[in-house]
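Peer 1: Dropping the structure in here first, questions after.
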Amino acid sequence: MAEKSIVGPRPKASQDPFRAYEEWFVASPDPWLEIIKLDHGTDRTFGTTVRSMVMNAEPDQRPAMEKRLLQALASPGITDVGRTFVCRQLALIGSSACVPAVAALLRDPATVDAARYALDGIDDPAVDAAYRTSLDVLKDRAKAGLIGSIAMRRDAQAIPALHAIAAKATEPTEVRTAATRALERLNGKA
Amino acid sequence: MISPSFSSLTRRTFLRNSAVASAALSLPTILPSRLFGQNAPSRKITLGFIGTGNIAQPHMEALLGFDDVRILAVCDVDKAHRDTAVAKINAGYGNQDCRSYNDFRELVARPDIDAVLICTPDNWHALNAIEAMRNGKDVYVEKPLTLTIKEGRELVAAARKYQRVAQTGTQQRSSKRFHDVAEFIRNGGMGKLERIEVLIPANNKYTGATWKPEAVPAGLDWDMWLGPAPWAPFNRQSCHYNFRFILDYAAGQVTNWGAHYLDIAQWALGMDESGPVEVIGDGEFPTSGLFSTATKVDFTCRYATGVSLRCRTRYDGISDGNVRFFGERGWVDVSRAKTTASDPALVTEITAQSGKGATKLAVSTNHHDNFLQSIRSRARPISDVEFGHRTTTVCNLGNIAMQLKRKLRWDPVKEQFIDDNVANRMRERSMRGPWSLA
């Protein structure tokens, strides 16, 4: 004869304060929400979880992953480290879908490197267009870095702009040098 | 690189003229070897060091002992290291001629330096070497050759484009012990080769799940130390030596020791300009904390011939690697300490057969001298950068496979993974501005 349960069905959390407390007590934070709080030196376990999910996602699961990364990127209060982390995950699975949101980061010297981490590997002319547009906005080492990305992506449409930068006496030496070397590579001489 | 304009100039005339120029520039009057032709008996090869820390020290000590070498300058972003290096070199020569630099670009711009030794952290190797070669310097690059597969291919391309001698610091190729075993395997000494097993030391370092940024020590140019790597605050555990346990700067013991022992496997297999076609890995990585490279390494490559190569962490506390070849005749195992075999007679046979097989591997008994001789002859050195790149690629294939935890197919001709976009994106990394491979 089957033994009878002495517990019976449990009430829902909304009807039982103890159940609500218990669920809160044992709940594991959502790693996709935790990554926006990452900072240098803090526990990065949630970041590791997200990275594992991103790396191991099947191709048809990647759009959903990318969407969650973009949600994290748009979160108010995301830390600099969190933003860089998200962009480095997009570097693995990012597609054309992420270009508009990430390209917005190209115009700020504080976020341009993170944006390039995400965009450099995406084979989409929209990335090249965004890079060219940002040339007019950035200065100094941020601009030199962007020029390096343009060169490595072999964006021939950037050649006129690079010629102008290389010839502009008011540009810092490192920017002019970056433009000159980019031109060498784009002309097939590098 | 011999300038035609100097080909008819006598050394004495040039010395007389250049003495004035040197005095004006307040530079040492050691003249770069390329000015006198390759065989001028009194020529000295002039060197600079980029990076003067841990691994640079034995290089300096060894090269100070070469009569035909003069170390003219050093570069380090840590003033303490820089000053120590200058003092050592000046003491070695009994003068005060050695110059020091914080920025490697200033050192490689000097026209009186023939070659540079690159002993910086891994994230800098490609940029240092390419800039040096662009400025006409031959290069000796410490292992692992580069941080990423893409950087390695760019470095090799630069060596060919600028026609520079480029040696990788995999000095086991200049050891008779490793040479003889590799040549024996290459000539079929073990019969049909079945598999290779490589053991590398463990990374047993742990700094806790969290860490705190620290003040940058006086004299350390931290931004320059980071170079192309993502910005991060200073912590003493992330800098000298231990950088190798952080994936932003290095790849852990896989490249630290794997660069040596996987190199011997590649040599023995005749894969110096190729590599495996498949890799699968199952390593363990710290989930938090400052260090991020694999604490447990275990990956297996398969070559087109069917031979497998497994690399894994050893836990016996021995601070050395070893490579063991399994064939029809048993096994032979070689490390820096010894050669052993399933049958002791094999060890005797290996020594006896050295230089007698149909395939004769290049011989070098001194890695520095091999580099210097190559500078003179313009021949490729025993650890040419193509070979160093291919070995480092095996290391990186293993690291990528251990992170992705799935079987990856690799095209060693195109140097790309087959049907795996994520893996392909892991072949390279974007650089922090202003740095670029371009």
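Ligands are numbered from 1 in the order shown, chains are lettered A, B, ... in the order of the structure tokens, and residues start at 1 in each chain.
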Using only C-alpha atoms, determine which residues of chain A fall within 9 Å of chain B; present them as a PyMOL selection string.
Peer 2: chain A and resi 40-49+52+55-56+84+91-93+112-114+116-118+120-121+140-149+151-152+174-175+178+181-182+184-185+190
Peer 1: Just list the residues in segment 32-73 of chain A DSSP gives alpha helix (DSSP H) on the backbone, as a VMD selection string.
Peer 2: chain A and resid 32 to 34 45 to 56 62 to 73
Peer 1: Leaving out Ala129 of chain A and any residue of its chain fewer than 3 positions from it, which residues lie within 12 Å of it when counting only C-alpha atoms, given as a PyMOL selection string?
Peer 2: chain A and resi 99-100+103+106+119+123-126+132-135+150+153+155-158
Peer 1: Hey, can you check how far atom CA of Trp331 of chain B sits from atom CA of Pro344 of chain B?
Peer 2: 10.3 Å
Peer 1: Restricting the calculation to only C-alpha atoms, which member of B:Glu131, B:Asp68, B:Glu278, B:Glu142 is positioned closest to Arg164 of chain B?
Peer 2: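 Closest candidate: B:Glu131.
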Peer 1: So which residues of segment 173-291 of chain B fall under strand (DSSP E) by DSSP, listed as a list in words?
Peer 2: Leu193, Glu194, Arg195, Ile196, Glu197, Val198, Leu199, Ile200, Glu278, Val279, Ile280 and Gly281 of chain B
Peer 1: What would the file look like if the residues just selected were written as a JSON list (two decimals), in the first residue's frame with all heavy atoms?
Peer 2:
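Below you can see out38.json, which holds the result:
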```
[["chain", "number", "residue", "atom", "x", "y", "z"],
["B", 193, "LEU", "N", 55.22, 5.57, -35.77],
["B", 193, "LEU", "CA", 54.91, 6.35, -34.58],
["B", 193, "LEU", "C", 53.41, 6.31, -34.32],
["B", 193, "LEU", "O", 52.60, 6.50, -35.25],
["B", 193, "LEU", "CB", 55.38, 7.80, -34.78],
["B", 193, "LEU", "CG", 55.47, 8.67, -33.53],
["B", 193, "LEU", "CD1", 56.52, 8.13, -32.56],
["B", 193, "LEU", "CD2", 55.80, 10.11, -33.92],
["B", 194, "GLU", "N", 53.04, 6.05, -33.06],
["B", 194, "GLU", "CA", 51.62, 5.93, -32.73],
["B", 194, "GLU", "C", 51.08, 7.18, -32.03],
["B", 194, "GLU", "O", 50.05, 7.73, -32.40],
["B", 194, "GLU", "CB", 51.39, 4.71, -31.84],
["B", 194, "GLU", "CG", 51.71, 3.41, -32.56],
["B", 194, "GLU", "CD", 51.77, 2.24, -31.59],
["B", 194, "GLU", "OE1", 51.66, 2.46, -30.37],
["B", 194, "GLU", "OE2", 51.96, 1.10, -32.07],
["B", 195, "ARG", "N", 51.78, 7.59, -31.00],
["B", 195, "ARG", "CA", 51.29, 8.75, -30.26],
["B", 195, "ARG", "C", 52.43, 9.41, -29.50],
["B", 195, "ARG", "O", 53.51, 8.83, -29.34],
["B", 195, "ARG", "CB", 50.18, 8.35, -29.29],
["B", 195, "ARG", "CG", 50.63, 7.56, -28.09],
["B", 195, "ARG", "CD", 49.43, 7.17, -27.22],
["B", 195, "ARG", "NE", 49.79, 6.81, -25.86],
["B", 195, "ARG", "CZ", 50.19, 5.62, -25.48],
["B", 195, "ARG", "NH1", 50.30, 4.63, -26.37],
["B", 195, "ARG", "NH2", 50.50, 5.40, -24.21],
["B", 196, "ILE", "N", 52.18, 10.63, -29.08],
["B", 196, "ILE", "CA", 53.16, 11.41, -28.31],
["B", 196, "ILE", "C", 52.45, 11.95, -27.08],
["B", 196, "ILE", "O", 51.31, 12.42, -27.17],
["B", 196, "ILE", "CB", 53.70, 12.59, -29.15],
["B", 196, "ILE", "CG1", 54.28, 12.10, -30.48],
["B", 196, "ILE", "CG2", 54.76, 13.37, -28.37],
["B", 196, "ILE", "CD1", 54.60, 13.23, -31.45],
["B", 197, "GLU", "N", 53.13, 11.89, -25.96],
["B", 197, "GLU", "CA", 52.55, 12.46, -24.74],
["B", 197, "GLU", "C", 53.52, 13.47, -24.15],
["B", 197, "GLU", "O", 54.72, 13.18, -23.99],
["B", 197, "GLU", "CB", 52.25, 11.36, -23.73],
["B", 197, "GLU", "CG", 51.16, 10.42, -24.23],
["B", 197, "GLU", "CD", 50.37, 9.77, -23.10],
["B", 197, "GLU", "OE1", 50.75, 9.97, -21.93],
["B", 197, "GLU", "OE2", 49.40, 9.05, -23.42],
["B", 198, "VAL", "N", 53.02, 14.63, -23.86],
["B", 198, "VAL", "CA", 53.82, 15.71, -23.28],
["B", 198, "VAL", "C", 53.27, 16.05, -21.90],
["B", 198, "VAL", "O", 52.06, 16.22, -21.73],
["B", 198, "VAL", "CB", 53.77, 16.97, -24.18],
["B", 198, "VAL", "CG1", 54.35, 18.19, -23.47],
["B", 198, "VAL", "CG2", 54.50, 16.72, -25.50],
["B", 199, "LEU", "N", 54.16, 16.13, -20.93],
["B", 199, "LEU", "CA", 53.77, 16.59, -19.60],
["B", 199, "LEU", "C", 54.39, 17.96, -19.37],
["B", 199, "LEU", "O", 55.55, 18.20, -19.74],
["B", 199, "LEU", "CB", 54.26, 15.62, -18.52],
["B", 199, "LEU", "CG", 53.57, 14.26, -18.44],
["B", 199, "LEU", "CD1", 54.19, 13.42, -17.31],
["B", 199, "LEU", "CD2", 52.07, 14.42, -18.19],
["B", 200, "ILE", "N", 53.61, 18.85, -18.76],
["B", 200, "ILE", "CA", 54.14, 20.18, -18.42],
["B", 200, "ILE", "C", 53.84, 20.45, -16.95],
["B", 200, "ILE", "O", 52.88, 19.90, -16.39],
["B", 200, "ILE", "CB", 53.52, 21.28, -19.30],
["B", 200, "ILE", "CG1", 51.99, 21.27, -19.21],
["B", 200, "ILE", "CG2", 53.97, 21.12, -20.75],
["B", 200, "ILE", "CD1", 51.31, 22.41, -19.97],
["B", 278, "GLU", "N", 43.26, 18.45, -35.98],
["B", 278, "GLU", "CA", 42.13, 18.30, -35.05],
["B", 278, "GLU", "C", 42.64, 18.50, -33.64],
["B", 278, "GLU", "O", 43.78, 18.15, -33.32],
["B", 278, "GLU", "CB", 41.56, 16.88, -35.21],
["B", 278, "GLU", "CG", 40.20, 16.66, -34.61],
["B", 278, "GLU", "CD", 39.72, 15.24, -34.99],
["B", 278, "GLU", "OE1", 39.16, 15.09, -36.08],
["B", 278, "GLU", "OE2", 39.93, 14.32, -34.18],
["B", 279, "VAL", "N", 41.81, 19.06, -32.79],
["B", 279, "VAL", "CA", 42.19, 19.23, -31.39],
["B", 279, "VAL", "C", 40.94, 19.15, -30.53],
["B", 279, "VAL", "O", 39.87, 19.62, -30.91],
["B", 279, "VAL", "CB", 42.95, 20.56, -31.17],
["B", 279, "VAL", "CG1", 42.08, 21.76, -31.58],
["B", 279, "VAL", "CG2", 43.42, 20.71, -29.73],
["B", 280, "ILE", "N", 41.11, 18.52, -29.37],
["B", 280, "ILE", "CA", 40.02, 18.47, -28.40],
["B", 280, "ILE", "C", 40.63, 18.63, -27.02],
["B", 280, "ILE", "O", 41.74, 18.13, -26.75],
["B", 280, "ILE", "CB", 39.22, 17.15, -28.51],
["B", 280, "ILE", "CG1", 37.99, 17.19, -27.62],
["B", 280, "ILE", "CG2", 40.08, 15.93, -28.21],
["B", 280, "ILE", "CD1", 36.97, 16.10, -27.92],
["B", 281, "GLY", "N", 39.94, 19.37, -26.16],
["B", 281, "GLY", "CA", 40.53, 19.65, -24.86],
["B", 281, "GLY", "C", 39.52, 19.66, -23.74],
["B", 281, "GLY", "O", 38.33, 19.84, -23.96]]
```
Peer 1: Write out as number ranges by chain the residues lying within 12 Å of Ser238 of chain B, counting only C-alpha atoms and excluding same-chain residues fewer than 2 positions away.
Peer 2: A: 41; B: 121, 205-207, 211-214, 216, 222, 225-226, 232-236, 240-250, 289-292
